[in-house]
Each structure stands twice: as C-alpha cells, then as structure tokens.
file run.txt (compact mmCIF, C-alpha atoms and all ligand atoms)
# COMPACT_ATOMS: atom_id res chain seq x y z
CA MET K 1 26.50 56.98 -2.11
CA LYS K 2 24.89 60.36 -1.46
CA LEU K 3 22.76 61.99 -4.13
CA PHE K 4 23.43 65.68 -4.77
CA LEU K 5 21.54 67.75 -7.32
CA ASP K 6 23.68 69.92 -9.60
CA SER K 7 21.52 72.97 -10.22
CA ALA K 8 20.59 76.46 -9.09
CA LYS K 9 16.97 76.35 -10.30
CA ILE K 10 14.52 76.68 -7.44
CA ASP K 11 11.77 74.50 -8.96
CA GLU K 12 14.25 71.67 -9.61
CA ILE K 13 15.68 71.95 -6.09
CA ARG K 14 12.21 71.92 -4.51
CA HIS K 15 11.30 68.76 -6.43
CA ALA K 16 14.60 67.06 -5.62
CA LEU K 17 14.21 67.80 -1.91
CA ALA K 18 10.55 66.79 -1.68
CA VAL K 19 10.49 63.75 -3.96
CA TRP K 20 14.04 62.38 -4.02
CA ASP K 21 15.15 63.52 -0.57
CA VAL K 22 18.48 64.66 -2.04
CA ASP K 23 21.42 64.69 0.34
CA GLY K 24 22.74 68.04 -0.85
CA LEU K 25 23.24 70.48 -3.70
CA THR K 26 26.11 71.62 -5.89
CA THR K 27 26.01 74.81 -7.93
CA ASN K 28 28.44 76.50 -10.26
CA PRO K 29 28.54 79.90 -12.01
CA ARG K 30 26.91 78.47 -15.13
CA HIS K 31 23.96 77.08 -13.15
CA VAL K 32 23.48 80.43 -11.44
CA GLN K 33 23.66 82.26 -14.80
CA GLU K 34 20.94 79.94 -16.19
CA THR K 35 18.48 81.14 -13.52
CA GLY K 36 18.62 84.68 -14.92
CA LYS K 37 18.85 86.04 -11.36
CA SER K 38 21.71 87.70 -9.50
CA PHE K 39 24.24 85.54 -7.67
CA ARG K 40 23.19 86.96 -4.30
CA THR K 41 19.46 86.42 -4.93
CA VAL K 42 20.01 82.80 -5.95
CA LEU K 43 22.15 82.12 -2.88
CA GLU K 44 19.53 83.61 -0.56
CA GLU K 45 16.74 81.57 -2.15
CA ILE K 46 18.77 78.36 -1.92
CA ALA K 47 19.79 79.09 1.67
CA ASP K 48 16.09 79.40 2.57
CA LEU K 49 15.25 76.07 0.92
CA PHE K 50 17.97 74.23 2.84
CA GLU K 51 17.56 75.99 6.17
CA GLY K 52 17.46 73.51 9.03
CA THR K 53 18.17 70.48 6.83
CA GLY K 54 21.87 70.15 7.67
CA LYS K 55 22.45 69.29 4.01
CA PRO K 56 25.55 70.67 2.23
CA VAL K 57 25.21 73.22 -0.57
CA SER K 58 28.35 73.91 -2.61
CA VAL K 59 28.68 77.52 -3.74
CA GLU K 60 31.57 78.57 -5.96
CA VAL K 61 33.82 81.57 -5.38
CA ASP K 62 34.46 84.03 -8.20
CA PRO K 63 36.55 81.97 -10.66
CA HIS K 64 38.56 85.10 -11.56
CA LEU K 65 40.22 85.13 -8.14
CA ILE K 66 43.81 83.97 -8.40
CA GLU K 67 45.25 84.98 -5.03
CA ALA K 68 44.67 82.62 -2.11
CA SER K 69 43.95 85.55 0.20
CA GLU K 70 41.14 86.77 -2.11
CA ILE K 71 39.64 83.29 -2.37
CA VAL K 72 39.74 82.91 1.41
CA ARG K 73 38.13 86.32 1.94
CA GLN K 74 35.25 85.54 -0.39
CA GLY K 75 34.97 81.98 0.93
CA VAL K 76 34.54 83.28 4.47
CA GLU K 77 31.80 85.67 3.26
CA LEU K 78 29.95 82.87 1.47
CA ALA K 79 30.20 80.53 4.45
CA ARG K 80 28.66 83.26 6.66
CA LEU K 81 25.52 83.37 4.49
CA SER K 82 24.34 79.92 5.51
CA PRO K 83 25.53 77.06 7.74
CA ASN K 84 24.76 74.77 4.78
CA PHE K 85 27.20 76.46 2.44
CA VAL K 86 30.37 74.66 1.40
CA VAL K 87 32.90 76.85 -0.42
CA LYS K 88 33.69 75.58 -3.89
CA VAL K 89 37.22 76.40 -5.01
CA GLY K 90 38.85 75.65 -8.38
CA ALA K 91 41.86 73.34 -8.50
CA SER K 92 45.02 75.47 -8.65
CA GLU K 93 48.08 76.18 -6.52
CA ALA K 94 46.35 79.21 -4.97
CA GLY K 95 43.09 77.28 -4.71
CA PHE K 96 44.69 74.50 -2.66
CA GLN K 97 46.38 77.09 -0.44
CA ALA K 98 42.99 78.74 0.10
CA ILE K 99 41.37 75.37 0.86
CA ARG K 100 44.04 74.78 3.53
CA GLU K 101 43.34 78.15 5.15
CA LEU K 102 39.57 77.78 4.95
CA ALA K 103 39.82 74.28 6.47
CA ALA K 104 42.00 75.67 9.29
CA ASN K 105 39.16 78.11 9.99
CA GLY K 106 36.59 75.29 10.13
CA ILE K 107 35.05 76.15 6.74
CA ARG K 108 34.07 73.22 4.55
CA THR K 109 35.34 73.24 0.98
CA ASN K 110 34.72 71.48 -2.32
CA ALA K 111 37.75 71.28 -4.64
CA THR K 112 36.22 71.57 -8.08
CA LEU K 113 37.49 71.05 -11.65
CA ILE K 114 39.50 68.00 -10.60
CA PHE K 115 40.79 65.98 -13.56
CA SER K 116 43.73 64.02 -12.15
CA VAL K 117 44.68 61.98 -9.10
CA ALA K 118 47.52 64.43 -8.43
CA GLN K 119 45.03 67.31 -8.18
CA GLY K 120 42.81 65.18 -5.92
CA TRP K 121 45.80 64.41 -3.72
CA HIS K 122 46.66 68.11 -3.36
CA ALA K 123 43.04 68.80 -2.42
CA ALA K 124 42.98 65.97 0.14
CA ARG K 125 46.28 67.06 1.70
CA ALA K 126 44.94 70.59 1.96
CA GLY K 127 41.92 69.33 3.89
CA ALA K 128 39.16 69.64 1.28
CA THR K 129 35.85 68.28 2.56
CA TYR K 130 34.88 67.24 -0.98
CA ILE K 131 36.79 66.55 -4.18
CA SER K 132 34.86 66.87 -7.45
CA PRO K 133 36.27 64.96 -10.44
CA PHE K 134 34.44 65.99 -13.63
CA VAL K 135 33.77 62.63 -15.24
CA GLY K 136 31.56 63.91 -18.08
CA TRP K 137 34.03 66.53 -19.22
CA LYS K 138 36.79 63.95 -19.51
CA GLU K 139 34.54 61.75 -21.61
CA THR K 140 33.45 64.69 -23.78
CA TYR K 141 37.08 65.42 -24.60
CA ALA K 142 37.84 61.74 -25.26
CA ASP K 143 40.12 61.53 -22.23
CA ALA K 144 40.24 58.21 -20.35
CA ALA K 145 37.74 58.72 -17.54
CA ALA K 146 37.11 55.22 -16.19
CA ASP K 147 40.11 55.04 -13.85
CA LEU K 148 39.85 58.47 -12.22
CA ILE K 149 37.30 57.74 -9.50
CA PRO K 150 38.61 54.28 -8.55
CA GLN K 151 42.15 55.71 -8.31
CA LEU K 152 41.02 58.71 -6.26
CA ALA K 153 39.10 56.35 -3.94
CA THR K 154 42.19 54.15 -3.51
CA MET K 155 44.42 57.17 -2.87
CA LEU K 156 42.09 58.51 -0.17
CA ARG K 157 41.69 55.10 1.49
CA VAL K 158 45.36 54.07 1.42
CA HIS K 159 46.51 57.35 2.95
CA GLY K 160 43.58 57.84 5.30
CA TYR K 161 42.48 61.23 3.95
CA GLY K 162 39.04 62.34 5.09
CA SER K 163 37.91 64.00 1.84
CA GLN K 164 34.82 62.67 0.11
CA ILE K 165 34.62 62.19 -3.66
CA ILE K 166 31.72 63.83 -5.47
CA ALA K 167 31.48 62.25 -8.93
CA ALA K 168 30.60 65.36 -10.95
CA ALA K 169 29.49 66.35 -14.44
CA ILE K 170 27.56 63.10 -14.65
CA ARG K 171 25.59 62.65 -17.86
CA ASN K 172 23.82 59.29 -17.58
CA GLY K 173 22.83 56.37 -15.40
CA ARG K 174 25.81 54.30 -16.47
CA GLN K 175 28.17 56.94 -15.05
CA ILE K 176 26.16 56.99 -11.80
CA ALA K 177 26.53 53.22 -11.52
CA ASP K 178 30.25 53.34 -12.35
CA ALA K 179 30.80 56.02 -9.69
CA ALA K 180 28.94 53.99 -7.07
CA VAL K 181 30.90 50.81 -7.83
CA ALA K 182 34.20 52.73 -7.90
CA GLY K 183 33.65 54.04 -4.37
CA ALA K 184 32.53 57.64 -4.89
CA HIS K 185 30.97 58.95 -1.67
CA CYS K 186 28.54 61.22 -3.52
CA VAL K 187 27.32 61.84 -7.04
CA THR K 188 26.07 65.12 -8.46
CA ALA K 189 24.09 65.38 -11.67
CA GLY K 190 21.57 67.61 -13.35
CA PHE K 191 17.81 67.27 -12.95
CA ALA K 192 17.24 65.63 -16.35
CA VAL K 193 19.95 63.02 -15.73
CA TYR K 194 18.25 61.84 -12.53
CA LYS K 195 14.79 61.92 -14.13
CA ASP K 196 16.13 59.68 -16.86
CA SER K 197 17.85 57.38 -14.36
CA PHE K 198 14.50 56.33 -12.91
CA ARG K 199 13.43 54.90 -16.27
CA HIS K 200 14.44 51.89 -18.33
CA PRO K 201 12.92 50.79 -21.67
CA TYR K 202 12.42 47.24 -20.33
CA THR K 203 10.54 48.62 -17.31
CA THR K 204 8.22 50.52 -19.67
CA MET K 205 7.82 47.40 -21.80
CA GLY K 206 7.14 45.28 -18.71
CA GLU K 207 4.51 47.69 -17.43
CA GLY K 208 2.74 47.40 -20.79
CA ILE K 209 2.83 43.61 -20.64
CA PHE K 210 1.47 43.52 -17.09
CA GLN K 211 -1.20 46.12 -17.84
CA ALA K 212 -2.40 44.04 -20.81
CA ALA K 213 -2.53 40.94 -18.60
CA TRP K 214 -4.39 42.86 -15.91
CA ASP K 215 -6.94 44.14 -18.43
CA ALA K 216 -7.51 40.61 -19.79
CA THR K 217 -8.12 39.11 -16.36
CA PRO K 218 -11.49 39.20 -14.57
CA THR K 219 -10.80 40.90 -11.29
CA ASP K 220 -12.85 42.57 -8.60
CA VAL K 221 -10.00 44.68 -7.30
CA ALA K 222 -11.40 48.17 -7.04
CA GLU K 223 -9.01 50.73 -5.68
CA GLY K 224 -8.18 48.82 -2.54
CA ASN K 225 -11.75 48.34 -1.27
CA GLY K 226 -11.08 44.80 -0.12
CA ARG K 227 -13.01 43.13 -2.97
CA SER K 228 -9.99 41.35 -4.44
CA PRO K 229 -10.14 37.55 -4.78
CA ALA K 230 -7.46 37.30 -2.09
CA ALA K 231 -9.51 39.44 0.29
CA ALA K 232 -12.67 37.41 -0.46
CA ALA K 233 -10.82 34.15 0.18
CA ALA K 234 -9.51 35.52 3.46
CA ARG K 235 -13.05 36.53 4.50
CA ASP K 236 -14.40 33.09 3.58
CA GLU K 237 -11.69 31.43 5.62
CA ALA K 238 -12.42 33.68 8.63
CA SER K 239 -16.18 32.99 8.51
CA ARG K 240 -15.79 29.19 8.62
C1 LIG K 301 29.92 69.95 -10.12
O1 LIG K 301 29.97 70.28 -8.96
C2 LIG K 301 29.75 70.85 -11.24
O2 LIG K 301 28.86 71.88 -10.90
C3 LIG K 301 29.23 70.24 -12.48
O3 LIG K 301 29.18 68.88 -12.44
C4 LIG K 301 29.91 70.85 -13.65
O4 LIG K 301 29.65 70.25 -14.84
P1 LIG K 301 28.44 70.51 -15.80
O5 LIG K 301 27.79 71.82 -15.47
O6 LIG K 301 29.04 70.51 -17.16
O7 LIG K 301 27.52 69.34 -15.57
call {"tool": "encode", "arguments": {"input": "run.txt", "output": "structure tokens"}}
result
Amino acid sequence: MKLFLDSAKIDEIRHALAVWDVDGLTTNPRHVQETGKSFRTVLEEIADLFEGTGKPVSVEVDPHLIEASEIVRQGVELARLSPNFVVKVGASEAGFQAIRELAANGIRTNATLIFSVAQGWHAARAGATYISPFVGWKETYADAAADLIPQLATMLRVHGYGSQIIAAAIRNGRQIADAAVAGAHCVTAGFAVYKDSFRHPYTTMGEGIFQAAWDATPTDVAEGNGRSPAAAAARDEASR
C-alpha cells in the first residue's frame, strides 16, 4: 500500500519525502488555506519539491465549479503546471463527466469526497486514476465506515477497473491497518497521524526495560569501536 501525505505545508512535505520516502501527496483547499499562502504559490512550491520524482500530487479544482466544461478547463490548466499533478475532482454528476473527459485527454484524476460504492463505481467507470473514500468523515458522523473500502476493492477487482483506492481522511493507525487489510492501494493521512503511527506505548515501555537492563550490565561496547564482548571473543578466536 502506497503512503501519501495529506498536506500542503512545505516543511511537512520535505520531512515526509526525506525521512519516510512518501509515494505521493494529496492536498485539498483546506490544506492550502492552512499554509496562509496563495493557491498558486503553494502549487509552485510543491511542484518544485516533487520535480523529477515521478510521484503523484493531487491538486483540487475550485469546488465551486459545477459545469463539467469548467472543471475540465481548470483541470487542464492544473495538469500543465507539473507532470506530477493529478486533478482532484469532487464526486458529482458533472464531476464524473469531467473525469471522463480529462481521462480521455490523458490527464490523471482523483475522484474525491467518495462516501459510497455507487460513487466509487461512477468514478471507476469514468476512468478515474484514484478514488478517495473519506473514512474518517464517515466515522465522525457515526456512519458505518468499515465496509466501504473492502466493498470498493471488491467492486474494482470483480469488474477489472483500473482505478486505485486512496483511503482518505485517515485519523489513526488502526484505520491505516484496516485500509491495508481491506485492499486499499494507497493511504493518505496528515503529518501528525503518521508521526503517531510510528509509536506504540509497549514499544516505549520495552525500550525503557531494555535500557535499564543495558545500564545494569557491565559492557565494553563503546559506540561501535569493536570493544564489545562479542568482538573480543572473535579476536581471541582469530588469534589462536
Ligand atoms: C484526501 O485526499 C483529503 O484531502 C483528506 O483526506 C480530507 O480530509 P481531512 O482534511 O478532513 O483529513
């Protein structure tokens, strides 16, 4: 399962590329707003960061656009800004029509705000490269979320659609695991969610236990200088 960062913040993206080797990026209007910069500035900065990586970056069209022709026009403009850009289009009748036209023009798309298998099916039929079910939003509104990704995965597989599922609006490590087991091709989550997913209270506890044991044990290990008991035994053996 590919790991995408869901953000528009340059420092977070730099870290995610350098340390986690993320497979791609997703943004949305709210993420861009949080940067305090203009839409165009943020897109240019992100395009620079991803230049030459071949990694996809989802960039959303103006969510006010309700005509397919307008969505297509803006999608084409966005796709021209960077070969990494994937045009993110909201799930709607016009949105799926726009996805079909963009796909026919070789432009990759991400069908966003997907909450049902029927919407995912429309997106897949239209030729969406990615389909983004918002798992966290369903859970926030007490809607049954557990079946959505497995059912989308089954629908895509049974009918041979080429779209990839991006499990989106992910809030915790359990949802990442559920998405992976359910067959999502990619997951996208915010910086803090991934940071948290590296940790576990038992790991912290275990490190404490092992550090205490280490401190209570006579040892000559000094920053890898070969003075460990194992290294000394190996030297003894070699000198015999
Ligand atoms: C996904 O592509 C979306 O950008 C994202 O997951 C939206 O949800 P959030 O901003 O509430 O996490």
call {"tool": "closest_atom_pairs", "arguments": {"input": "run.txt", "of": "chain K", "to": "ligand LIG 301 (chain K)", "cutoff": "8 Å", "atoms": "only C-alpha atoms and all ligand atoms", "output": "tab-separated table"}}
result
residue	atom	partner	partner_atom	distance
K:Asp6	CA	K:LIG301	O2	5.7
K:Ser7	CA	K:LIG301	O2	7.5
K:Thr26	CA	K:LIG301	O1	5.1
K:Thr27	CA	K:LIG301	O2	5.1
K:Asn28	CA	K:LIG301	O2	4.7
K:Arg30	CA	K:LIG301	O5	6.7
K:His31	CA	K:LIG301	O5	6.9
K:Ser58	CA	K:LIG301	O1	7.5
K:Thr112	CA	K:LIG301	O1	6.4
K:Leu113	CA	K:LIG301	C2	7.8
K:Ser132	CA	K:LIG301	O1	6.1
K:Phe134	CA	K:LIG301	O3	6.1
K:Gly136	CA	K:LIG301	O6	7.1
K:Trp137	CA	K:LIG301	O6	6.7
K:Ile166	CA	K:LIG301	O1	7.5
K:Ala167	CA	K:LIG301	O3	7.8
K:Ala168	CA	K:LIG301	O3	4.1
K:Ala169	CA	K:LIG301	O3	3.2
K:Ile170	CA	K:LIG301	O7	6.3
K:Arg171	CA	K:LIG301	O7	7.3
K:Thr188	CA	K:LIG301	O3	6.3
K:Ala189	CA	K:LIG301	O3	6.2
K:Gly190	CA	K:LIG301	O7	6.6
call {"tool": "atom_distance", "arguments": {"input": "run.txt", "atom1": "CA of Asp23 in chain K", "atom2": "CA of Ile165 in chain K"}}
result
14.0 Å
call {"tool": "atom_distance", "arguments": {"input": "run.txt", "atom1": "CA of Asn105 in chain K", "atom2": "CA of Gly162 in chain K"}}
result
16.5 Å
call {"tool": "atom_distance", "arguments": {"input": "run.txt", "atom1": "CA of Asn84 in chain K", "atom2": "CA of Pro56 in chain K"}}
result
4.9 Å
call {"tool": "residues_around", "arguments": {"input": "run.txt", "residues": "Gly36 in chain K", "least_positions_apart": "6", "cutoff": "12 Å", "atoms": "only C-alpha atoms", "output": "JSON, numbers by chain"}}
result
{"K": [8, 9, 10, 29, 30, 42]}
call {"tool": "residues_around", "arguments": {"input": "run.txt", "residues": "Glu77 in chain K", "least_positions_apart": "5", "cutoff": "12 Å", "atoms": "only C-alpha atoms", "output": "JSON, numbers by chain"}}
result
{"K": [40, 43, 59, 60, 61, 62, 70, 71, 72, 82, 83, 85, 86, 87, 102, 107]}
call {"tool": "closest_residue", "arguments": {"input": "run.txt", "among": "K:Ala179, K:Asn172, K:Gly52, K:Gly127", "to": "Lys195 in chain K", "atoms": "all atoms listed in the file"}}
result
K:Asn172
call {"tool": "residues_around", "arguments": {"input": "run.txt", "residues": "range 117-123 of chain K", "least_positions_apart": "6", "cutoff": "8 Å", "atoms": "all atoms listed in the file", "output": "list of chain:residue names"}}
result
K:Ala91, K:Phe96, K:Ile99, K:Ala111, K:Ile131, K:Pro133, K:Leu148, K:Gln151, K:Leu152, K:Met155, K:Leu156
call {"tool": "closest_residue", "arguments": {"input": "run.txt", "among": "K:Ala124, K:Gln74, K:Thr217, K:Trp20", "to": "Phe198 in chain K", "atoms": "all atoms listed in the file"}}
result
K:Trp20
call {"tool": "residues_around", "arguments": {"input": "run.txt", "residues": "Val181 in chain K", "least_positions_apart": "5", "cutoff": "12 Å", "atoms": "all atoms listed in the file", "output": "VMD selection string"}}
result
chain K and resid 1 146 to 147 149 to 150 153 167 174 to 176 186 to 187
call {"tool": "axis_aligned_box", "arguments": {"input": "run.txt", "around": "range 23-40 of chain K", "padding_each_side": "8 Å", "output": "JSON"}}
result
{"center_x": 23.5, "center_y": 76.2, "center_z": -7.9, "size_x": 26.1, "size_y": 39.0, "size_z": 32.5}
call {"tool": "closest_residue", "arguments": {"input": "run.txt", "among": "K:Thr154, K:Ala126, K:Val135, K:Gly173", "to": "His200 in chain K", "atoms": "all atoms listed in the file"}}
result
K:Gly173
call {"tool": "closest_residue", "arguments": {"input": "run.txt", "among": "K:Val76, K:Ala47, K:Ala180, K:Ala128", "to": "Gln164 in chain K", "atoms": "only C-alpha atoms"}}
result
K:Ala128
call {"tool": "build_atoms", "arguments": {"input": "run.txt", "residues": "range 190-207 of chain K", "atoms": "N, CA and C atoms", "output": "mmCIF file, keeping the file's coordinate frame"}}
result
data_model
loop_
_atom_site.group_PDB
_atom_site.id
_atom_site.type_symbol
_atom_site.label_atom_id
_atom_site.label_comp_id
_atom_site.auth_asym_id
_atom_site.auth_seq_id
_atom_site.Cartn_x
_atom_site.Cartn_y
_atom_site.Cartn_z
ATOM 1 N N GLY K 190 22.672 66.695 -13.071
ATOM 2 C CA GLY K 190 21.570 67.610 -13.350
ATOM 3 C C GLY K 190 20.219 66.921 -13.219
ATOM 4 N N PHE K 191 19.178 67.747 -13.162
ATOM 5 C CA PHE K 191 17.810 67.270 -12.950
ATOM 6 C C PHE K 191 17.421 66.229 -13.999
ATOM 7 N N ALA K 192 17.675 66.530 -15.271
ATOM 8 C CA ALA K 192 17.240 65.630 -16.350
ATOM 9 C C ALA K 192 17.947 64.276 -16.280
ATOM 10 N N VAL K 193 19.194 64.289 -15.825
ATOM 11 C CA VAL K 193 19.950 63.020 -15.730
ATOM 12 C C VAL K 193 19.287 62.100 -14.696
ATOM 13 N N TYR K 194 18.914 62.669 -13.549
ATOM 14 C CA TYR K 194 18.250 61.840 -12.530
ATOM 15 C C TYR K 194 16.880 61.376 -13.009
ATOM 16 N N LYS K 195 16.118 62.294 -13.623
ATOM 17 C CA LYS K 195 14.790 61.920 -14.130
ATOM 18 C C LYS K 195 14.933 60.700 -15.035
ATOM 19 N N ASP K 196 15.917 60.763 -15.914
ATOM 20 C CA ASP K 196 16.130 59.680 -16.860
ATOM 21 C C ASP K 196 16.568 58.396 -16.147
ATOM 22 N N SER K 197 17.304 58.557 -15.046
ATOM 23 C CA SER K 197 17.850 57.380 -14.360
ATOM 24 C C SER K 197 16.772 56.544 -13.670
ATOM 25 N N PHE K 198 15.579 57.111 -13.505
ATOM 26 C CA PHE K 198 14.500 56.330 -12.910
ATOM 27 C C PHE K 198 13.876 55.366 -13.929
ATOM 28 N N ARG K 199 14.124 55.647 -15.208
ATOM 29 C CA ARG K 199 13.430 54.900 -16.270
ATOM 30 C C ARG K 199 14.358 53.862 -16.896
ATOM 31 N N HIS K 200 13.713 52.842 -17.497
ATOM 32 C CA HIS K 200 14.440 51.890 -18.330
ATOM 33 C C HIS K 200 13.451 51.385 -19.383
ATOM 34 N N PRO K 201 13.873 51.241 -20.632
ATOM 35 C CA PRO K 201 12.920 50.790 -21.670
ATOM 36 C C PRO K 201 12.271 49.455 -21.319
ATOM 37 N N TYR K 202 13.016 48.553 -20.671
ATOM 38 C CA TYR K 202 12.420 47.240 -20.330
ATOM 39 C C TYR K 202 11.348 47.407 -19.248
ATOM 40 N N THR K 203 11.558 48.371 -18.350
ATOM 41 C CA THR K 203 10.540 48.620 -17.310
ATOM 42 C C THR K 203 9.253 49.092 -17.981
ATOM 43 N N THR K 204 9.390 50.020 -18.947
ATOM 44 C CA THR K 204 8.220 50.520 -19.670
ATOM 45 C C THR K 204 7.546 49.375 -20.422
ATOM 46 N N MET K 205 8.367 48.552 -21.066
ATOM 47 C CA MET K 205 7.820 47.400 -21.800
ATOM 48 C C MET K 205 7.092 46.466 -20.827
ATOM 49 N N GLY K 206 7.725 46.192 -19.693
ATOM 50 C CA GLY K 206 7.140 45.280 -18.710
ATOM 51 C C GLY K 206 5.829 45.807 -18.158
ATOM 52 N N GLU K 207 5.763 47.120 -17.933
ATOM 53 C CA GLU K 207 4.510 47.690 -17.430
ATOM 54 C C GLU K 207 3.398 47.483 -18.448
#
